[in-house]
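**Q** structure.txt is reproduced in full below (compact mmCIF, C-alpha atoms and all ligand atoms).
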```
# COMPACT_ATOMS: atom_id res chain seq x y z
CA MET A 1 105.80 102.22 99.37
CA PRO A 2 105.70 99.99 96.29
CA GLU A 3 104.66 96.41 97.04
CA LEU A 4 104.60 93.28 94.88
CA PRO A 5 102.05 94.51 92.27
CA GLU A 6 103.88 97.83 91.75
CA VAL A 7 107.29 96.15 91.46
CA GLU A 8 105.83 93.54 89.08
CA THR A 9 104.47 96.42 86.95
CA MET A 10 107.94 97.99 86.84
CA VAL A 11 109.48 94.64 85.83
CA GLY A 12 107.00 94.15 82.97
CA ASP A 13 107.63 97.69 81.73
CA LEU A 14 111.41 97.23 81.89
CA ARG A 15 111.19 94.00 79.90
CA ALA A 16 109.21 95.77 77.20
CA SER A 17 111.52 98.78 76.99
CA VAL A 18 115.14 97.93 77.88
CA LYS A 19 115.56 94.16 77.55
CA GLY A 20 118.36 93.51 75.04
CA ARG A 21 119.70 97.07 75.29
CA THR A 22 123.30 97.93 76.20
CA ILE A 23 124.24 100.46 78.90
CA ILE A 24 126.56 102.99 77.25
CA ASP A 25 126.80 105.70 79.92
CA ILE A 26 126.04 106.17 83.63
CA TRP A 27 125.33 109.33 85.60
CA THR A 28 124.39 109.90 89.21
CA ASP A 29 124.19 112.80 91.65
CA GLU A 30 123.60 110.49 94.63
CA LYS A 31 126.40 107.93 94.89
CA LYS A 32 125.21 106.75 98.29
CA LEU A 33 122.15 105.08 96.73
CA ILE A 34 124.62 102.49 95.43
CA HIS A 35 125.14 100.39 98.53
CA HIS A 36 127.25 97.63 96.99
CA PRO A 37 130.03 97.90 95.89
CA SER A 38 131.40 101.48 95.59
CA PHE A 39 130.14 103.73 92.79
CA VAL A 40 133.45 103.39 90.91
CA PHE A 41 133.14 99.57 90.75
CA PHE A 42 129.44 99.86 89.99
CA LYS A 43 130.11 102.18 87.05
CA SER A 44 133.00 100.24 85.55
CA GLY A 45 131.16 96.94 86.16
CA ILE A 46 127.93 97.73 84.33
CA LEU A 47 129.30 99.95 81.54
CA ASN A 48 128.84 98.28 78.14
CA CYS A 49 126.85 95.43 79.66
CA LYS A 50 123.75 94.18 77.90
CA ILE A 51 120.45 93.86 79.79
CA LYS A 52 119.67 90.18 79.47
CA GLU A 53 116.58 89.75 81.63
CA ILE A 54 114.55 91.53 84.30
CA ASN A 55 112.94 89.69 87.19
CA ARG A 56 111.42 90.37 90.58
CA ARG A 57 112.27 88.82 93.94
CA GLY A 58 109.96 90.15 96.63
CA LYS A 59 110.07 93.92 96.28
CA ILE A 60 113.49 93.86 94.59
CA ILE A 61 113.97 94.34 90.83
CA VAL A 62 116.73 92.05 89.59
CA ILE A 63 118.35 92.96 86.26
CA SER A 64 120.61 90.25 84.80
CA LEU A 65 123.49 91.58 82.77
CA SER A 66 125.56 90.05 80.00
CA PRO A 67 128.41 88.99 79.99
CA LYS A 68 127.79 88.72 83.74
CA GLY A 69 126.49 90.38 86.87
CA PHE A 70 123.24 91.53 88.44
CA LEU A 71 121.86 94.96 89.12
CA LEU A 72 119.35 95.17 91.99
CA PHE A 73 116.94 97.96 92.85
CA HIS A 74 114.74 98.15 95.96
CA PRO A 75 112.28 101.08 95.71
CA LYS A 76 111.76 101.39 99.50
CA MET A 77 109.56 104.50 99.88
CA THR A 78 109.59 106.33 96.56
CA GLY A 79 112.02 104.72 94.10
CA HIS A 80 110.84 103.96 90.57
CA PHE A 81 111.97 103.89 86.96
CA LEU A 82 111.17 106.23 84.11
CA ILE A 83 112.10 105.84 80.46
CA MET A 84 112.78 109.00 78.48
CA ARG A 85 113.89 109.89 74.99
CA GLU A 86 115.22 113.31 75.91
CA ILE A 87 116.58 114.65 79.16
CA ASN A 88 117.84 117.94 80.53
CA ASP A 89 118.90 119.21 83.96
CA ASP A 90 115.56 120.80 84.78
CA LEU A 91 113.62 117.68 83.90
CA LEU A 92 115.94 115.43 85.93
CA LYS A 93 115.55 117.73 88.90
CA ALA A 94 111.77 117.96 88.55
CA LYS A 95 111.52 114.16 88.48
CA SER A 96 113.94 113.63 91.44
CA ALA A 97 116.18 111.59 89.13
CA HIS A 98 119.32 110.27 90.83
CA LEU A 99 120.65 107.71 88.37
CA VAL A 100 120.57 107.79 84.57
CA LEU A 101 121.56 104.80 82.46
CA SER A 102 121.96 105.78 78.81
CA MET A 103 120.95 103.01 76.42
CA ASP A 104 122.35 102.20 72.99
CA ASP A 105 119.00 103.02 71.34
CA LYS A 106 119.23 106.65 72.55
CA THR A 107 116.75 106.19 75.39
CA PHE A 108 117.49 106.92 79.03
CA LEU A 109 116.54 104.66 81.88
CA ILE A 110 116.10 106.86 84.92
CA TRP A 111 115.88 105.91 88.60
CA THR A 112 113.94 108.55 90.47
CA ASP A 113 113.63 108.66 94.24
CA GLN A 114 112.18 111.66 95.99
CA ARG A 115 112.88 110.44 99.52
CA LYS A 116 116.26 108.81 98.65
CA PHE A 117 115.70 105.72 100.79
CA SER A 118 115.96 103.32 97.88
CA ARG A 119 118.79 100.83 97.65
CA ILE A 120 120.81 99.84 94.57
CA GLU A 121 123.38 97.03 94.49
CA TYR A 122 125.61 95.57 91.79
CA TRP A 123 126.87 92.00 92.06
CA PRO A 124 129.50 90.86 89.51
CA VAL A 125 128.69 87.17 89.99
CA GLU A 126 127.65 84.34 87.66
CA ASP A 127 124.64 83.14 89.63
CA SER A 128 122.00 85.05 91.59
CA SER A 129 122.28 82.50 94.42
CA GLU A 130 125.60 84.22 95.27
CA ILE A 131 123.84 87.50 96.10
CA ASP A 132 123.65 87.90 99.89
CA TRP A 133 120.74 90.33 99.68
CA LEU A 134 118.47 87.77 98.02
CA ASN A 135 119.18 85.08 100.56
CA GLY A 136 116.85 84.92 103.52
CA LEU A 137 113.80 86.14 101.62
CA GLY A 138 110.54 84.27 102.14
CA GLU A 139 108.14 82.56 99.73
CA GLU A 140 106.80 84.21 96.60
CA PRO A 141 103.04 84.45 97.26
CA LEU A 142 102.10 84.08 93.60
CA ALA A 143 104.39 81.15 92.82
CA SER A 144 102.23 78.38 91.38
CA ASP A 145 103.79 75.87 93.76
CA PHE A 146 103.04 78.03 96.80
CA SER A 147 99.97 76.13 97.93
CA PHE A 148 97.73 76.27 100.98
CA PRO A 149 99.43 73.33 102.75
CA ARG A 150 102.75 75.23 102.56
CA PHE A 151 101.08 78.46 103.74
CA ASN A 152 99.46 76.57 106.59
CA GLU A 153 102.81 75.05 107.54
CA LEU A 154 104.41 78.53 107.63
CA ILE A 155 101.61 80.19 109.58
CA GLY A 156 101.44 77.29 112.02
CA ASN A 157 100.33 78.36 115.47
CA LYS A 158 102.45 81.44 115.83
CA LYS A 159 101.77 83.76 118.74
CA ARG A 160 101.93 86.74 116.40
CA ARG A 161 99.29 89.07 115.08
CA ILE A 162 98.24 88.20 111.54
CA LYS A 163 98.95 91.56 109.88
CA PRO A 164 102.62 91.97 110.89
CA TRP A 165 103.11 88.27 110.04
CA LEU A 166 101.74 88.77 106.51
CA MET A 167 104.16 91.67 106.03
CA ASP A 168 107.23 89.78 107.29
CA GLN A 169 109.51 89.51 104.23
CA SER A 170 111.39 86.56 105.71
CA VAL A 171 108.17 84.51 105.59
CA ILE A 172 106.26 85.75 102.52
CA VAL A 173 107.66 88.47 100.27
CA GLY A 174 106.05 91.46 98.59
CA ILE A 175 103.12 92.24 100.89
CA GLY A 176 103.28 95.63 102.60
CA ASN A 177 100.90 97.89 104.41
CA ILE A 178 98.39 98.52 101.63
CA TYR A 179 97.80 94.95 100.47
CA ALA A 180 97.91 93.47 103.99
CA SER A 181 94.94 95.69 104.96
CA GLU A 182 93.11 94.84 101.73
CA ILE A 183 93.72 91.09 102.00
CA LEU A 184 92.47 90.95 105.60
CA TRP A 185 89.35 92.97 104.80
CA SER A 186 88.54 90.64 101.91
CA ALA A 187 89.19 87.60 104.10
CA LYS A 188 87.03 89.11 106.91
CA VAL A 189 89.85 88.66 109.41
CA ASN A 190 90.67 91.25 112.07
CA PRO A 191 94.26 92.48 111.54
CA GLU A 192 95.02 92.30 115.28
CA LYS A 193 94.02 88.67 115.67
CA ILE A 194 96.73 86.40 117.02
CA ILE A 195 97.39 83.53 114.61
CA THR A 196 96.53 80.93 117.26
CA GLN A 197 92.99 82.41 117.35
CA LEU A 198 92.42 81.88 113.62
CA SER A 199 90.29 79.00 112.43
CA LEU A 200 91.39 76.81 109.52
CA GLU A 201 88.62 78.45 107.49
CA GLU A 202 90.02 81.93 108.22
CA LYS A 203 93.54 80.87 107.28
CA LYS A 204 92.20 79.47 104.01
CA ARG A 205 90.44 82.76 103.29
CA VAL A 206 93.60 84.80 103.98
CA PHE A 207 95.57 82.55 101.61
CA ARG A 208 92.94 82.72 98.86
CA GLU A 209 92.45 86.50 99.11
CA MET A 210 96.22 87.07 99.19
CA LYS A 211 96.59 85.40 95.77
CA ARG A 212 93.43 86.99 94.35
CA ILE A 213 94.13 90.58 95.41
CA LEU A 214 97.80 90.58 94.37
CA LYS A 215 96.87 89.20 90.93
CA LYS A 216 94.08 91.72 90.49
CA ALA A 217 96.37 94.61 91.51
CA ILE A 218 98.97 93.51 88.95
CA ILE A 219 96.30 93.59 86.22
CA GLU A 220 95.43 97.14 87.33
CA ARG A 221 99.15 98.05 87.24
CA GLY A 222 99.39 98.67 90.97
CA THR A 223 98.29 101.33 93.41
CA SER A 224 99.43 104.93 93.15
CA THR A 225 98.57 106.40 96.53
CA ILE A 226 101.18 109.16 96.45
CA GLU A 227 104.36 108.41 94.61
CA PHE A 228 104.27 105.24 92.53
CA ARG A 229 104.32 105.74 88.76
CA ASP A 230 105.02 103.28 85.98
CA ILE A 231 107.91 103.64 83.54
CA ASN A 232 105.89 106.07 81.42
CA ASP A 233 105.07 108.20 84.48
CA GLU A 234 101.46 106.94 84.59
CA LYS A 235 99.55 106.05 87.75
CA GLY A 236 98.40 102.51 88.55
CA ARG A 237 94.64 101.98 88.57
CA TYR A 238 94.20 99.93 91.73
CA ALA A 239 93.85 102.92 94.13
CA SER A 240 90.20 103.31 93.12
CA LYS A 241 89.62 99.62 93.92
CA LEU A 242 90.98 99.80 97.48
CA LYS A 243 88.30 98.76 99.95
CA VAL A 244 89.80 99.98 103.23
CA TYR A 245 93.32 101.39 102.80
CA GLY A 246 93.25 105.17 103.30
CA ARG A 247 89.46 105.10 103.70
CA GLN A 248 89.01 105.73 107.43
CA LYS A 249 85.59 107.22 108.28
CA GLU A 250 84.24 106.17 104.86
CA LYS A 251 81.51 103.54 104.69
CA CYS A 252 82.50 99.90 104.28
CA SER A 253 81.28 98.76 100.85
CA ARG A 254 80.13 95.43 102.34
CA CYS A 255 78.24 96.46 105.49
CA GLN A 256 78.02 100.29 105.35
CA LYS A 257 79.60 100.69 108.82
CA LYS A 258 82.51 103.08 109.21
CA ILE A 259 86.05 101.98 108.36
CA GLU A 260 88.55 102.59 111.14
CA ARG A 261 92.26 103.28 111.28
CA LYS A 262 94.52 101.90 113.98
CA ILE A 263 98.28 101.61 114.49
CA ILE A 264 99.31 97.94 114.55
CA GLY A 265 102.99 97.01 114.71
CA GLY A 266 103.85 100.67 114.16
CA ARG A 267 101.89 100.87 110.88
CA SER A 268 98.57 102.45 109.98
CA THR A 269 96.03 99.72 109.57
CA TYR A 270 92.60 100.10 108.00
CA TYR A 271 89.75 97.70 108.69
CA CYS A 272 86.03 97.37 109.19
CA PRO A 273 85.26 96.53 112.84
CA SER A 274 81.93 95.05 111.79
CA CYS A 275 83.11 92.77 108.93
CA GLN A 276 86.40 91.95 110.63
CA PRO A 277 85.43 91.26 114.25
ZN ZN B 301 82.14 96.12 106.81
```
Would you write out, as structure tokens, the structure that this file holds?
Ligand SMILES: [Zn+2]

**A**
Amino acid sequence: MPELPEVETMVGDLRASVKGRTIIDIWTDEKKLIHHPSFVFFKSGILNCKIKEINRRGKIIVISLSPKGFLLFHPKMTGHFLIMREINDDLLKAKSAHLVLSMDDKTFLIWTDQRKFSRIEYWPVEDSSEIDWLNGLGEEPLASDFSFPRFNELIGNKKRRIKPWLMDQSVIVGIGNIYASEILWSAKVNPEKIITQLSLEEKKRVFREMKRILKKAIIERGTSTIEFRDINDEKGRYASKLKVYGRQKEKCSRCQKKIERKIIGGRSTYYCPSCQP
């Protein structure tokens, strides 16, 4: 599932390829991916709109339209964009394409989603604060004003395990299963530890490694474990840099002991029992 670095990669690619373009045609074979409003309103609302800006909020891609409105995409499991100069039925099928936005420069912006769990919404409003979906999301971990004192205030003395807490989108956005495992390995914190058991030093390490790893993964254009591809259908480079995720039974690069896999909060969790006691 794409997390913050993958979504940020998509946003950067979209800015470079479709910012300033106008949507001149819309096709879909999967109307139910458009959750708000109906497909008819979605189609008539965005037709002939210009793409003004592309931003990210958590794992959601937010496209601002001109004269007004916002188009939101949440990749969930396997959603991502592709840009193409030519399309045909076979190609769309092969790429699991379910929405095609034709641009005024003869390119096609394609939303592909093999598993079809992604969510698309259109909001014909003036200001993004009016979008229900964006309300209730937590802090942006890479915001420059998101400092340790604020993190410390949020984490407090919760009686929750650290890994599910890090992945709670109502507290901090954008961290999912891959980066939570990586952050905790780097911070040398056991993913099952209850927050009340963490020292101030450990909390500081989690905060520091959270910022460092997310930034590094953005530079490497994200992690392509199975599905994620960038807009040009290329893989991200961070998968080779993963220290624990998907590496059970391999040797820990820090201590040479074996990495283990465990289900925590219903999710596969990878950690080194020796470095993360
Ligand atoms: Zn280790």

**Q** I want to know what sits within 12 Å of Ala217 (chain A), based on all atoms listed in the file, with residues of the same chain fewer than 2 positions away left out; could you give that as an mmCIF file with C-alpha atoms, keeping the file's coordinate frame?

**A**
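Once written, part13.cif looks like this:
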```cif
data_model
loop_
_atom_site.group_PDB
_atom_site.id
_atom_site.type_symbol
_atom_site.label_atom_id
_atom_site.label_comp_id
_atom_site.auth_asym_id
_atom_site.auth_seq_id
_atom_site.Cartn_x
_atom_site.Cartn_y
_atom_site.Cartn_z
ATOM 1 C CA PRO A 2 105.700 99.990 96.290
ATOM 2 C CA GLU A 3 104.660 96.410 97.040
ATOM 3 C CA LEU A 4 104.600 93.280 94.880
ATOM 4 C CA PRO A 5 102.050 94.510 92.270
ATOM 5 C CA GLU A 6 103.880 97.830 91.750
ATOM 6 C CA VAL A 7 107.290 96.150 91.460
ATOM 7 C CA GLU A 8 105.830 93.540 89.080
ATOM 8 C CA THR A 9 104.470 96.420 86.950
ATOM 9 C CA ILE A 175 103.120 92.240 100.890
ATOM 10 C CA ILE A 178 98.390 98.520 101.630
ATOM 11 C CA TYR A 179 97.800 94.950 100.470
ATOM 12 C CA GLU A 182 93.110 94.840 101.730
ATOM 13 C CA ILE A 183 93.720 91.090 102.000
ATOM 14 C CA GLU A 209 92.450 86.500 99.110
ATOM 15 C CA MET A 210 96.220 87.070 99.190
ATOM 16 C CA LYS A 211 96.590 85.400 95.770
ATOM 17 C CA ARG A 212 93.430 86.990 94.350
ATOM 18 C CA ILE A 213 94.130 90.580 95.410
ATOM 19 C CA LEU A 214 97.800 90.580 94.370
ATOM 20 C CA LYS A 215 96.870 89.200 90.930
ATOM 21 C CA ILE A 219 96.300 93.590 86.220
ATOM 22 C CA GLU A 220 95.430 97.140 87.330
ATOM 23 C CA ARG A 221 99.150 98.050 87.240
ATOM 24 C CA GLY A 222 99.390 98.670 90.970
ATOM 25 C CA THR A 223 98.290 101.330 93.410
ATOM 26 C CA SER A 224 99.430 104.930 93.150
ATOM 27 C CA GLY A 236 98.400 102.510 88.550
ATOM 28 C CA ARG A 237 94.640 101.980 88.570
ATOM 29 C CA TYR A 238 94.200 99.930 91.730
ATOM 30 C CA ALA A 239 93.850 102.920 94.130
ATOM 31 C CA SER A 240 90.200 103.310 93.120
ATOM 32 C CA LYS A 241 89.620 99.620 93.920
ATOM 33 C CA LEU A 242 90.980 99.800 97.480
#
```

**Q** Looking at only C-alpha atoms, which of A:Lys19, A:Arg229, A:Lys158, A:Lys216 is the one that sits closest to Gly79 (chain A)?

**A**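 Smallest distance to Gly79 (chain A) is found for A:Arg229.
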
**Q** Within 12 Å of (94.7, 99.3, 104.6) in the file's own coordinates, which protein, DNA or RNA residues have an atom, counting only C-alpha atoms? List them as a PyMOL selection string.

**A** chain A and resi 163+175-186+190-191+223+225+239+241-248+259-264+267-272

**Q** Give me, as a PyMOL selection string, the set of residues whose atoms come within 6 Å of any atom of ligand ZN 301 (chain B), counting all atoms listed in the file.

**A** chain A and resi 252+254-255+257+272+274-275

**Q** With a distance cut-off of 9 Å and all atoms listed in the file, select the neighbouring residues of Gly20 (chain A), excluding the residue or stretch itself and same-chain residues fewer than 4 positions from it, and output the selection as a ChimeraX atom specification.

**A** /A:15,50-53

**Q** Let's have the selection written as a short mmCIF file (atom, residue, chain, number, x, y, z; two decimals), keeping the file's coordinate frame, with C-alpha atoms.

**A**
```cif
data_model
loop_
_atom_site.label_atom_id
_atom_site.label_comp_id
_atom_site.auth_asym_id
_atom_site.auth_seq_id
_atom_site.Cartn_x
_atom_site.Cartn_y
_atom_site.Cartn_z
CA ARG A 15 111.19 94.00 79.90
CA LYS A 50 123.75 94.18 77.90
CA ILE A 51 120.45 93.86 79.79
CA LYS A 52 119.67 90.18 79.47
CA GLU A 53 116.58 89.75 81.63
#
```

**Q** For a quick check of understanding, using all atoms listed in the file, which of A:Ile26, A:Lys203, A:Ile60, A:Glu86 has the smallest distance to Ser44 (chain A)?

**A** A:Ile26

**Q** Ranking A:Glu234, A:Asp105, A:Glu139, A:Glu250 by minimum distance to Val173 (chain A) and counting all atoms listed in the file, which one comes first?

**A** A:Glu139

**Q** Please, could N, CA, C and O atoms be added to region 110-126 of chain A and the result written as a CSV table (one decimal), in the frame of the given file?

**A**
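The result, stored in result-v8.csv:
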```csv
chain,number,residue,atom,x,y,z
A,110,ILE,N,115.9,105.9,83.8
A,110,ILE,CA,116.1,106.9,84.9
A,110,ILE,C,115.6,106.3,86.2
A,110,ILE,O,114.4,105.7,86.2
A,111,TRP,N,116.4,106.3,87.3
A,111,TRP,CA,115.9,105.9,88.6
A,111,TRP,C,115.6,107.2,89.4
A,111,TRP,O,116.4,108.0,89.6
A,112,THR,N,114.3,107.4,89.7
A,112,THR,CA,113.9,108.6,90.5
A,112,THR,C,113.6,108.1,91.9
A,112,THR,O,113.1,107.0,92.1
A,113,ASP,N,113.9,109.0,92.8
A,113,ASP,CA,113.6,108.7,94.2
A,113,ASP,C,113.6,109.9,95.1
A,113,ASP,O,114.6,110.5,95.5
A,114,GLN,N,112.4,110.4,95.3
A,114,GLN,CA,112.2,111.7,96.0
A,114,GLN,C,112.7,111.6,97.4
A,114,GLN,O,113.4,112.5,97.8
A,115,ARG,N,112.5,110.5,98.1
A,115,ARG,CA,112.9,110.4,99.5
A,115,ARG,C,114.3,109.9,99.7
A,115,ARG,O,114.8,110.0,100.8
A,116,LYS,N,114.9,109.3,98.7
A,116,LYS,CA,116.3,108.8,98.6
A,116,LYS,C,116.5,107.7,99.7
A,116,LYS,O,117.6,107.6,100.3
A,117,PHE,N,115.5,106.9,99.9
A,117,PHE,CA,115.7,105.7,100.8
A,117,PHE,C,115.9,104.5,100.0
A,117,PHE,O,116.2,103.4,100.6
A,118,SER,N,115.9,104.5,98.7
A,118,SER,CA,116.0,103.3,97.9
A,118,SER,C,117.4,102.8,98.0
A,118,SER,O,118.3,103.4,98.4
A,119,ARG,N,117.5,101.5,97.5
A,119,ARG,CA,118.8,100.8,97.6
A,119,ARG,C,119.1,100.2,96.3
A,119,ARG,O,118.3,99.4,95.7
A,120,ILE,N,120.4,100.4,95.8
A,120,ILE,CA,120.8,99.8,94.6
A,120,ILE,C,122.1,99.0,94.9
A,120,ILE,O,122.9,99.5,95.6
A,121,GLU,N,122.2,97.8,94.3
A,121,GLU,CA,123.4,97.0,94.5
A,121,GLU,C,123.8,96.4,93.1
A,121,GLU,O,122.9,96.2,92.3
A,122,TYR,N,125.1,96.2,93.0
A,122,TYR,CA,125.6,95.6,91.8
A,122,TYR,C,126.4,94.4,92.2
A,122,TYR,O,127.3,94.5,93.1
A,123,TRP,N,126.2,93.2,91.7
A,123,TRP,CA,126.9,92.0,92.1
A,123,TRP,C,127.5,91.4,90.8
A,123,TRP,O,126.8,90.8,90.0
A,124,PRO,N,128.8,91.4,90.7
A,124,PRO,CA,129.5,90.9,89.5
A,124,PRO,C,129.7,89.4,89.7
A,124,PRO,O,130.8,88.9,89.7
A,125,VAL,N,128.6,88.6,89.8
A,125,VAL,CA,128.7,87.2,90.0
A,125,VAL,C,128.0,86.4,88.9
A,125,VAL,O,127.2,87.0,88.1
A,126,GLU,N,128.2,85.1,88.7
A,126,GLU,CA,127.6,84.3,87.7
A,126,GLU,C,126.2,84.0,88.0
A,126,GLU,O,125.4,83.9,87.1
```
